[in-house]
Every structure is written in C-alpha cells, then in structure tokens.
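Quick notes on the structure that follows.
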Amino acid sequence: MTASPFSLAVELDGVGAHPGGSHGLDAHELLSPSRLAAGVRAAERAGFTAATFADSPLSSGIDAIQRASFAAPQTSALGLIPVAHSVYSEPFHVATQLATVDFASYGRAGWIVGVDADPRIAVEYGREAVGPEHATAVATDAVEVARRLWDSWEDDAVIRDATTWRYLDRAKVHYIDFEGASFSVKGPSIIPRPPQGQLPVFADASSGVVGDVALVTSSAEATVAAARESGAALVWLELEVALDHAGLPGAERVDRLDGVTPWAREGFGRYVGDAAGLVDLLTELAGQFDGVRMHPAVLAEDLEELGRAVLPELRRLGVHTPPVVGSTLRESIGLPASVNRYASKASA
Amino acid sequence: MSADRPTRNQIQFGVFFQGVNFSTIWTEPESGSQTDFESFRRVAQTAERGLFSAFFLGEGLRLREHLGRLHDLDVAGRPDAQTQLAALAAVTSKIGLVATQNATYNDPFDLAHRLQSLDLLSGGRAAWNIVTTDNAWTGANFRRGGYLDHADRYTHAEQVVETVRAVWDSWDSDDRAHLVARDFGAFDVRGLGRLPRSAQEHPVLFQAGDSDEGRDFAARSAEVIFSAHGLFEPAKAFAEDIRRRTVAAGRPADDLKIFPGQQFVLAETDAEARDKAIWVREKQITPATALAFLENIWGTSLAAYDPDGPLPDIDPVVEVTGETRGAGFRAKKTKETADAWREQAAAENLSIREFVFKVGGRLEGGIIGSYQTVADLLARYADEHVVDGFNVSPYLIPTGLDDIVDRLVPELQERGVYPTEYRGDTLREHLGLRAPLTRRGADADPSRQTPSFDLV
C-alpha cells in the first residue's frame, strides 16, 4: 500500500475508446478543436486528476502535445498528459515541446512515452529501423535526455541583474553532454526549467521503459509487484469503461456499437455496467493502485456519467479528491518535488 | 466585398514576440516574464484587439554563446514556437500564428504534421516561417548534426518545403491519403499524411532570408517575406527587387507579401518620441552589451576597455567569426571589420558605446515620432505600396504593443490605410493571399497524380 493520493485519469482521444463511436463522422468532425475543448472541460468539471491524449506517428490525429497545449489555457487544475513518440523522434524537440506545455499549463503537464519501433515510422523519419529490443534502450535514452534538459537550467538561472546587466547566471545553466547509441545531445535546453522541474513521465510497463508512473493492464499481483520493483514510483491501472446511459444499459450500448465495429480487447480490463458498480470497483482498486486511467467507450456519453454519478460518489466516500487549482501534476498524483541534478552537485 | 471597400491601399501589422537579442528591454519594472504564458497571452490578445494579421514566434535550437561561454546579457530561453502557438490558439480567434521552424533540424514528416496540427487547431490560422541552418554547432543537439554544406542549405530547405507541402496536400477531396516519398540523398522519407486540409488549405509560408539565394527562394516558394528593410527608401528598393523576382518566378507581382520587421517608438509629440527613443537605445545597449558587441568581432574579452572610451587598439584574435555569434556576425573577416569600425569611430569621434548605438542599435532602423507623424508616414508606405505590412518588434514585453494598438491603429484607420475588421477567419484571408502555390490549377488534386511507390 502507498500513502499517495488515488488518481483518476481519462483518455480523451477522438470520440472515445470504442471504434464504433466514430462511425459516420468525417475527419473534420473527428478532429474538431471544439470537440477537444468540450472534452477537456468536461474532464475537469468531473474532477479527474488528469486527461491523457493518445498519439502515434501512424494514426490520423492532431499532434498530442499540441492538443495538451491547446487544453492548457482552457483548464485550471486538470493534468495534461500527451503521448510523445520517443524511438525515432528528436529528443531535443520532444523535451522542449513538453516543457512548453508545462509552462502553458503552469505545471500540469506529463509525458506518456510512446515506444513504437514500427519500421513504417522509421521510414517516415528517414531512419534505420530498430528492433523492439532496441526500442526500449532508445526510448530510455530519450527520457534521460529530456530529464537532463529539464534540469539544465536551475530554477534561479534567470537573475535579471540590472547592476551588472546580466540576464542570466551562466553558472546555473548546464550543458548535458549526453552520448547515446542513437543520438548525442549537447544542450542546454532552449527553454528554462519548467514549472514542475521534472514533468511526471508515464510509461506502459510492458514497454520496458521505466518512468515515474507505470501503466499496467492487469491487476494480477505479480504484474503490480513487477511494476513497483522496476523502479516506477507509482502504478496506475488501465481500464475501459462503458456505463449505463440515457436509459440504455452499458452492455447494450456496447452491443450496438460492436454491430458497427467490434471493440477489440487490447489487454485492458473493461468495466461495463452501472455507475454504482464502477464506484465499488474503483474503491477496491484504490487499495491496490495509485491511480486508474479510464478509457470511456464514448466520451460524450460516458464522461457525462462519470462526472454525474461516479466521481462525485468517490469524492463523498473519500476515495478520490479532485485536483486543486494551483497545484502541479506532480502534487496531484503524489510525486515529491523534483530535485535538480545539476543544482545539487553545485551546492554539494 | 462591401460597398465601403477601401479606396486607399492598406498596410497591416504582425507582431514578433522577440526574446533572444538585445532589442527586448528586460531591466525595467514593466519588463515582464519571457516565459510565463500570461506574457504571450497578453501580447497576442492585444495584437488581436488591434486587428493584427499575425503573431510571430522565433526559434533558436541552441542557446547563444559568447566567447565560448553562454551569452548572459540578453533575454534567453523561450518556449517551443508551435507548442506555444497551440496554447495561444485557444485564447485567440482570428490572429494568424506564425512558427519559425528550422528546415534542417526538423524531420520533414514530423514538421509537416505538427504545422498541419496547428493549422487545424487554430481553424486555418497557422504559418511556417522557414529558416535554415547548416552548422554543426546547432546540430550538436540533433541526430543529423552538421551534415549540410553551407552552399546546400537552400537547396535542402527547398526540398524540405516541397516535401512538407506534399504531405499537407496528400489528402484529396475525399479525405483519402496519398503516399509521399522523397529522397534527400543522405536519407529518404516515405509515408502518409495524417490530417485533412484546413480551412485555409494549408499553412501560409513565411521566409526571412536576405541573401540573393534567400530572396529567390522566397520568390519561388514563400507567400510572405519578413525583411530587414523597414525604412522608406530601402523598403521601396527591396519591394521592387522582390516583385521583379516574384514575376520572374512565374507568379503575379503581389503574390509575395512584404512585411519588414520594425521597431516603433511613439509618443504624443515628435520631441517626446525622440527622447523616448534615446531611452530605449540606452536600455537596449547597456555598457556590457556595447563591449559584447565588439567582442563578437575581436574574439576576446574587452572587459579592460572603457565603454565610454575609444575602440580597442588591439587587433582581433581570430580571423573569421564563427557560428555562435549570431547571424549578423557570421563569417565576418575580423581584422577588416575592426579596422573599418575604428576608422569610422575615430572620424566621428565616437566612444565604444556611442559607436554601437550607431551601428548595432535599432534606432536607425526604427520608426520614431508622434502618433500623427508616424500615421502620416505609414500612409505614404501604403499609398506607394512600399510594404504590405510591418512585423512589429515590441521592445517591452508584455506592454509593448499597447500604444500601437490604442493610439496608432486608430490614426491609421482614420486615414483609411489600416483594416477596420478582419477580412475573414483564416490567416490566408487576412493577408489577401491566393490559394497555396501547390493548389492552383490542374495539379492541385493529388488523386490525379500517380503515386510513385506502393502504399505500405
């Protein structure tokens, strides 16, 4: 058991997790900024700790980092966690883009490390394809580069000393000199240290990449124990959700959508049923996990039920507390304040 | 067009949110944060209130150095342009959002996708300001560091632009994606575009190169050129040159819009504006900045020299300046430059700081005067079609646009030389641009073109 708060996140990609939900919508309707804005506002109103934004270089969709950034000024407490690809992308760009979301959101950004070695992505970037076994190593390097870049400016590097006319204390800005098998990065970052210092890094436990938060798909004790032993501070469970809505039982809603396009099992747990049952399930999971990320079948419908009947009840029971305006994502999910590796060396 | 269609030619404004050189004054009580989102929101919303066509962000992919160490005198550190503009898209509704992005150190498919993402998120308000670098110094932050010869940078940039546009155009009218494959020599890329076209078809292309090659590149490929020639006569000569090149590239003369970068110093009276301009100059070029300016050429510390004394009598320690010193100094022959500067300073009896005010300051390039004087001057620019607009560089963040929007814009509107409303919803509409170059005529639909590779 852990003393950290129990977090609830919601995945906001597209129209929801069920592929049948997008039937009949054209690309512009699917990608509409107003749909995105409505989704993040509903997630914040419902009291979710964070929203996540799926992405892949092989899928149609607006860049997830930009979706998170677009959401930033439209929300005030919700964590914003995009997927950013790490195997073939330039880690320098990814790190500065994520830091920018953290600034735009005043410390509410996170990163789900996209670890996909698909050769079609390599071809898009014009790079040599790497095998799955190397993908973990490249992605781990990309995370290390981001972490060093985020630390490369100490918090008080901008001094604005009008007596010596120095804007910057150059002793507090550091080259990172990263040398890896696939890339080397000199640094420092071109953006000062983000508000959180270190953005919380999320990684699928099966990817082999270790972040602050491991995302697991199974509640088997061995899976959870392995995720904790890997070094992740927190473990969150993935859960698909379809609730009773507007007089229709969840199971019937899923059946109807399955008639359009079947909802394949991707290894995630799935809850289909009424709100009370989900409250019971999440209450139980709160004893085992630090958080649950929900993948609603149809956002417009399930998000409404979650905000109406599930999160309020969990709040009443003391199982989950919505994030507070002004707190960082690290604080909301229960990570300690980050320590700057370079500052600690300098003051040692 | 409405009945009250302007009979006078008009100019427009964009705003360049600076943040890497000494033009931004950071020492004053009203100097706000350069990274706080609030500073950006305030400038963008003020610009939109003033009907500005575009909000412009720069990009530098390596922190500037000076004499081998990080440069510490100027504003440094800024957000990623596209990510920041995505956030600003949520708090604005009309203004164009221009991201400077390097054609060398961004991957073409990734770059195309992110620009198109911004275009869709903003409802067709995105633009790409194309810059190109070839140096290994910047490349040290990237996989393909320093692989281009200087001479090849525009060839490569043009190929990247062509590829990016092909990705943007790769969805046909039925939203089917067509394969894009390009060979860059050192590497080749192949894939499918991931997004449909936006309300403005695809992002607008800005370009800022000033060399012959840069100007020809703009005349062939860009839709807006961001020049350094803001004063009347140089701007006029520049416009004539650009229009000639544009026509030579087979385009209508007005197909490439001209927006010089420009600092404005305004006040109630001309005399007050002149005083204010001196204040601005002294705040921009501090004694330390004046010495640093010379050190870019001398290549060694001049801390022993008095900024109020004559130029150093020692000779530069390097022969040619390198990459780290900024575009203005790149590859300058130092001895020649130092001799010429010393000669000029001696002839005009200028101290180090006075000399830098003269050659390094923005004062000579600035437009200074009362609101009425400047409005009259800008009306002349409009009447003689010397520019299509100015990309305003405020010297204070975030308040630097306030007097322009509150005082100058109404004067210009009274004279009929500035818009009184946005022409439409997209940047392309605000700027009065035609369809993108790749989407005119028979070649516009990729379904008419045979893919050169099988879909993977």
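Chain identifiers are assigned as A, B, and so on, following the order in which chains appear in the structure tokens; residues are numbered from 1 within each chain, and ligands are numbered from 1 in order of appearance.
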
Neighbours of chain A in chain B at 6 Å, counting only C-alpha atoms, as a list in words:
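Filtering chain B at 6 Å from chain A with only C-alpha atoms gives Thr27, Phe37, Leu63, Asp72, Leu73, Asp74, Gly77, Arg78, Pro79, Asp80, Thr83, Ala86, Ala87, Ala90, Ser117, Leu121, Ala140, Asn141, Arg143, Phe187, Asp188, Val189, Arg190, Gly191, Arg194 and Leu195 of chain B.
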
Quick one: residues within 9 Å of segment 290-294 of chain B, only C-alpha atoms counted, chain neighbours fewer than 4 positions away excluded, as a PDB file with C-alpha atoms, in the first residue's frame?
ATOM      1  CA  HIS B  66      29.716  34.440 -26.420  1.00  0.00           C
ATOM      2  CA  LEU B  73      23.437  39.677 -21.233  1.00  0.00           C
ATOM      3  CA  ILE B 285      22.611  48.733 -25.456  1.00  0.00           C
ATOM      4  CA  THR B 286      23.985  48.665 -21.933  1.00  0.00           C
ATOM      5  CA  TRP B 298      37.565  40.871 -31.540  1.00  0.00           C
ATOM      6  CA  GLY B 299      37.030  37.327 -30.293  1.00  0.00           C
ATOM      7  CA  SER B 301      37.286  39.792 -23.675  1.00  0.00           C
ATOM      8  CA  LEU B 302      37.371  43.580 -23.847  1.00  0.00           C
ATOM      9  CA  ALA B 303      36.438  43.958 -20.192  1.00  0.00           C
ATOM     10  CA  TYR B 305      38.232  48.734 -22.061  1.00  0.00           C
ATOM     11  CA  ASP B 306      36.047  51.627 -21.014  1.00  0.00           C
ATOM     12  CA  PRO B 307      32.694  51.546 -22.857  1.00  0.00           C
ATOM     13  CA  LEU B 311      37.518  51.476 -29.633  1.00  0.00           C
ATOM     14  CA  PRO B 312      40.214  48.932 -28.635  1.00  0.00           C
ATOM     15  CA  ALA B 338      37.764  46.086 -36.779  1.00  0.00           C
ATOM     16  CA  ILE B 352      32.576  52.372 -27.860  1.00  0.00           C
ATOM     17  CA  ARG B 353      29.014  52.714 -26.653  1.00  0.00           C
ATOM     18  CA  GLU B 354      28.206  55.606 -28.988  1.00  0.00           C
ATOM     19  CA  PHE B 355      29.608  53.612 -31.867  1.00  0.00           C
ATOM     20  CA  VAL B 356      27.475  50.594 -31.009  1.00  0.00           C
ATOM     21  CA  PHE B 357      24.419  52.845 -30.688  1.00  0.00           C
ATOM     22  CA  GLY B 360      24.430  47.979 -33.662  1.00  0.00           C
TER      23      GLY B 360
END

Just list the residues in segment 8-218 of chain B DSSP gives helix (DSSP H, G or I) on the backbone, as a ChimeraX atom specification.
/B:37-49,81-89,108-121,136-139,150-168,212-218

I need the residue nearest Asn349 of chain B from this list: B:Gln284, B:Tyr154, B:Asp241, B:Gly309. Use only C-alpha atoms for the distance.
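Ranked by minimum distance to Asn349 of chain B, first place goes to B:Gly309.
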
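With atom CA of His430 of chain B on one side and atom CA of Ala54 of chain B on the other, the separation reads 8.8 Å.
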
With only C-alpha atoms as the counted atoms, please give the residues lying no more than 12 Å from Glu272 of chain B, apart from itself and same-chain residues fewer than 6 positions off, as JSON, numbers by chain.
{"B": [265, 266, 278, 279, 368, 369, 370, 371]}

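Between Ser23 of chain B and the residues B:Gln372, B:Gln262, B:Thr426, B:Thr321, the shortest atom-to-atom distance, using only C-alpha atoms, involves B:Gln262.
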
Taking 4 positions as the minimum chain separation for residues in the same chain, which residues sit within 8 Å of segment 384-398 of chain B when counting only C-alpha atoms? Answer as a PyMOL selection string.
chain B and resi 9-18+23-26+30-34+39-40+42-43+226+230+232+235-236+239+257-264+280+380

For segment 127-131 of chain B, please output as a tab-separated table (two decimals) with N, CA, C and O atoms, in the first residue's frame all residues within 8 Å (counting only C-alpha atoms; exclusion window: fewer than 5 positions along the same chain).
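Once written, out-v2.tsv looks like this:
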chain	number	residue	atom	x	y	z
B	96	GLY	N	-3.39	35.32	-36.99
B	96	GLY	CA	-2.55	34.26	-37.54
B	96	GLY	C	-1.44	33.90	-36.57
B	96	GLY	O	-1.00	34.73	-35.77
B	97	LEU	N	-0.98	32.64	-36.62
B	97	LEU	CA	0.00	32.13	-35.66
B	97	LEU	C	1.20	31.59	-36.44
B	97	LEU	O	1.10	30.54	-37.09
B	98	VAL	N	2.30	32.33	-36.39
B	98	VAL	CA	3.45	32.02	-37.25
B	98	VAL	C	4.57	31.39	-36.43
B	98	VAL	O	5.09	32.00	-35.50
B	99	ALA	N	4.95	30.18	-36.80
B	99	ALA	CA	6.01	29.47	-36.09
B	99	ALA	C	7.26	29.41	-36.95
B	99	ALA	O	7.23	28.90	-38.06
B	100	THR	N	8.36	29.93	-36.42
B	100	THR	CA	9.64	29.76	-37.08
B	100	THR	C	10.11	28.34	-36.81
B	100	THR	O	10.14	27.90	-35.66
B	101	GLN	N	10.46	27.62	-37.89
B	101	GLN	CA	10.90	26.24	-37.72
B	101	GLN	C	12.04	25.98	-38.70
B	101	GLN	O	11.96	26.33	-39.88
B	102	ASN	N	13.04	25.34	-38.20
B	102	ASN	CA	14.25	25.09	-38.96
B	102	ASN	C	14.05	23.93	-39.94
B	102	ASN	O	13.61	22.85	-39.55
B	103	ALA	N	14.39	24.18	-41.20
B	103	ALA	CA	14.22	23.14	-42.23
B	103	ALA	C	15.30	22.06	-42.15
B	103	ALA	O	15.16	21.01	-42.75
B	115	LEU	N	2.85	21.28	-38.07
B	115	LEU	CA	2.32	22.53	-38.62
B	115	LEU	C	0.86	22.37	-39.03
B	115	LEU	O	0.04	23.27	-38.84
B	119	ASP	N	-2.50	24.21	-37.71
B	119	ASP	CA	-3.44	24.82	-38.65
B	119	ASP	C	-4.88	24.37	-38.36
B	119	ASP	O	-5.81	25.17	-38.37
B	157	ALA	N	16.58	23.17	-47.99
B	157	ALA	CA	15.37	23.79	-47.43
B	157	ALA	C	14.24	23.73	-48.45
B	157	ALA	O	13.09	23.43	-48.10
B	203	PRO	N	-0.93	25.60	-44.23
B	203	PRO	CA	-0.33	26.78	-43.59
B	203	PRO	C	0.33	27.72	-44.61
B	203	PRO	O	0.82	27.30	-45.65
B	204	VAL	N	0.33	29.00	-44.24
B	204	VAL	CA	0.99	30.03	-45.05
B	204	VAL	C	2.50	29.90	-44.84
B	204	VAL	O	2.97	29.53	-43.77
B	205	LEU	N	3.26	30.20	-45.88
B	205	LEU	CA	4.72	30.10	-45.79
B	205	LEU	C	5.37	31.48	-45.70
B	205	LEU	O	5.18	32.32	-46.59
B	206	PHE	N	6.12	31.69	-44.62
B	206	PHE	CA	6.91	32.90	-44.44
B	206	PHE	C	8.37	32.54	-44.66
B	206	PHE	O	8.78	31.41	-44.41
B	207	GLN	N	9.15	33.55	-45.07
B	207	GLN	CA	10.57	33.31	-45.24
B	207	GLN	C	11.30	34.60	-44.96
B	207	GLN	O	10.78	35.68	-45.21
B	208	ALA	N	12.51	34.49	-44.41
B	208	ALA	CA	13.20	35.69	-43.96
B	208	ALA	C	14.61	35.87	-44.51
B	208	ALA	O	15.33	36.74	-44.07
B	209	GLY	N	15.02	35.07	-45.45
B	209	GLY	CA	16.38	35.19	-45.96
B	209	GLY	C	16.59	36.48	-46.74
B	209	GLY	O	15.70	36.93	-47.43
B	427	LEU	N	-5.72	33.02	-41.73
B	427	LEU	CA	-4.58	33.91	-41.99
B	427	LEU	C	-4.48	34.23	-43.48
B	427	LEU	O	-4.20	35.36	-43.88

Determine, counting only C-alpha atoms, which protein, DNA and RNA residues have an atom within 6 Å of an atom of segment 239-241 of chain A; residues of the same chain fewer than 4 positions away are not included. Present the result as a PyMOL selection string.
chain A and resi 268-272+294-297

All strand (DSSP E or B) positions in segment 126-310 of chain B, as a PyMOL selection string:
chain B and resi 126-131+171+177+179-183+188-192+198+201+204-207+224-225+257-258+261-262+264-267

Proximity to Ala246 of chain A - best of A:Asp274, A:Thr49, A:Leu78, A:Ala222, only C-alpha atoms:
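Of A:Asp274, A:Thr49, A:Leu78, A:Ala222, the one nearest Ala246 of chain A, counting only C-alpha atoms, is A:Asp274.
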
Skip Gly291 of chain A itself and residues of its chain fewer than 2 positions away, then list as a list in words all residues within 9 Å of it, counting only C-alpha atoms.
Pro5, Phe6, Ser7, Leu8, Ala9, Leu234, Val235, Trp236, Leu237, Glu238, Leu285, Ala286, Gln288, Phe289, Arg293 and Ile333 of chain A

Print the selection's residues with N, CA and C atoms to a file, as a PDB file, in the first residue's frame.
ATOM      1  N   PRO A   5      -1.989   9.860  -3.068  1.00  0.00           N
ATOM      2  CA  PRO A   5      -3.424  10.001  -3.379  1.00  0.00           C
ATOM      3  C   PRO A   5      -3.825   9.045  -4.493  1.00  0.00           C
ATOM      4  N   PHE A   6      -5.103   8.733  -4.566  1.00  0.00           N
ATOM      5  CA  PHE A   6      -5.604   7.862  -5.624  1.00  0.00           C
ATOM      6  C   PHE A   6      -6.039   8.754  -6.794  1.00  0.00           C
ATOM      7  N   SER A   7      -5.366   8.546  -7.937  1.00  0.00           N
ATOM      8  CA  SER A   7      -5.604   9.421  -9.098  1.00  0.00           C
ATOM      9  C   SER A   7      -6.575   8.772 -10.076  1.00  0.00           C
ATOM     10  N   LEU A   8      -7.349   9.611 -10.709  1.00  0.00           N
ATOM     11  CA  LEU A   8      -8.220   9.130 -11.780  1.00  0.00           C
ATOM     12  C   LEU A   8      -7.965   9.955 -13.028  1.00  0.00           C
ATOM     13  N   ALA A   9      -7.577   9.260 -14.088  1.00  0.00           N
ATOM     14  CA  ALA A   9      -7.314   9.941 -15.359  1.00  0.00           C
ATOM     15  C   ALA A   9      -8.281   9.436 -16.415  1.00  0.00           C
ATOM     16  N   LEU A 234       4.956   5.056  -8.949  1.00  0.00           N
ATOM     17  CA  LEU A 234       3.513   4.869  -8.872  1.00  0.00           C
ATOM     18  C   LEU A 234       3.063   3.872  -9.935  1.00  0.00           C
ATOM     19  N   VAL A 235       1.973   3.174  -9.645  1.00  0.00           N
ATOM     20  CA  VAL A 235       1.417   2.225 -10.612  1.00  0.00           C
ATOM     21  C   VAL A 235      -0.054   2.545 -10.843  1.00  0.00           C
ATOM     22  N   TRP A 236      -0.387   2.735 -12.103  1.00  0.00           N
ATOM     23  CA  TRP A 236      -1.771   3.027 -12.481  1.00  0.00           C
ATOM     24  C   TRP A 236      -2.298   1.878 -13.352  1.00  0.00           C
ATOM     25  N   LEU A 237      -3.579   1.608 -13.199  1.00  0.00           N
ATOM     26  CA  LEU A 237      -4.219   0.547 -13.984  1.00  0.00           C
ATOM     27  C   LEU A 237      -5.006   1.153 -15.154  1.00  0.00           C
ATOM     28  N   GLU A 238      -4.928   0.467 -16.285  1.00  0.00           N
ATOM     29  CA  GLU A 238      -5.730   0.857 -17.456  1.00  0.00           C
ATOM     30  C   GLU A 238      -7.095   0.173 -17.366  1.00  0.00           C
ATOM     31  N   LEU A 285     -10.011  -0.919  -6.186  1.00  0.00           N
ATOM     32  CA  LEU A 285      -8.727  -0.720  -6.874  1.00  0.00           C
ATOM     33  C   LEU A 285      -7.862   0.323  -6.165  1.00  0.00           C
ATOM     34  N   ALA A 286      -8.522   1.235  -5.463  1.00  0.00           N
ATOM     35  CA  ALA A 286      -7.770   2.284  -4.756  1.00  0.00           C
ATOM     36  C   ALA A 286      -6.863   1.692  -3.684  1.00  0.00           C
ATOM     37  N   GLN A 288      -5.164  -0.991  -4.161  1.00  0.00           N
ATOM     38  CA  GLN A 288      -4.112  -1.737  -4.841  1.00  0.00           C
ATOM     39  C   GLN A 288      -3.254  -0.855  -5.756  1.00  0.00           C
ATOM     40  N   PHE A 289      -3.854   0.211  -6.295  1.00  0.00           N
ATOM     41  CA  PHE A 289      -3.156   1.054  -7.278  1.00  0.00           C
ATOM     42  C   PHE A 289      -3.101   2.510  -6.809  1.00  0.00           C
ATOM     43  N   ARG A 293      -6.451   4.783 -15.048  1.00  0.00           N
ATOM     44  CA  ARG A 293      -6.735   5.581 -16.237  1.00  0.00           C
ATOM     45  C   ARG A 293      -7.893   4.946 -16.964  1.00  0.00           C
ATOM     46  N   ILE A 333      -0.743  13.923  -8.235  1.00  0.00           N
ATOM     47  CA  ILE A 333      -0.666  12.456  -8.297  1.00  0.00           C
ATOM     48  C   ILE A 333       0.201  11.870  -7.181  1.00  0.00           C
TER      49      ILE A 333
END

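Residue nearest Leu257 of chain A, chosen from A:Val298, A:Ala137, A:His320, A:Ala275 and counting only C-alpha atoms: A:Val298.
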
Rounded to one decimal in Å, what is the spacing between atom CA of Thr92 of chain B and atom CA of Ala44 of chain B?
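So the two atoms, atom CA of Thr92 of chain B and atom CA of Ala44 of chain B, lie 7.4 Å apart.
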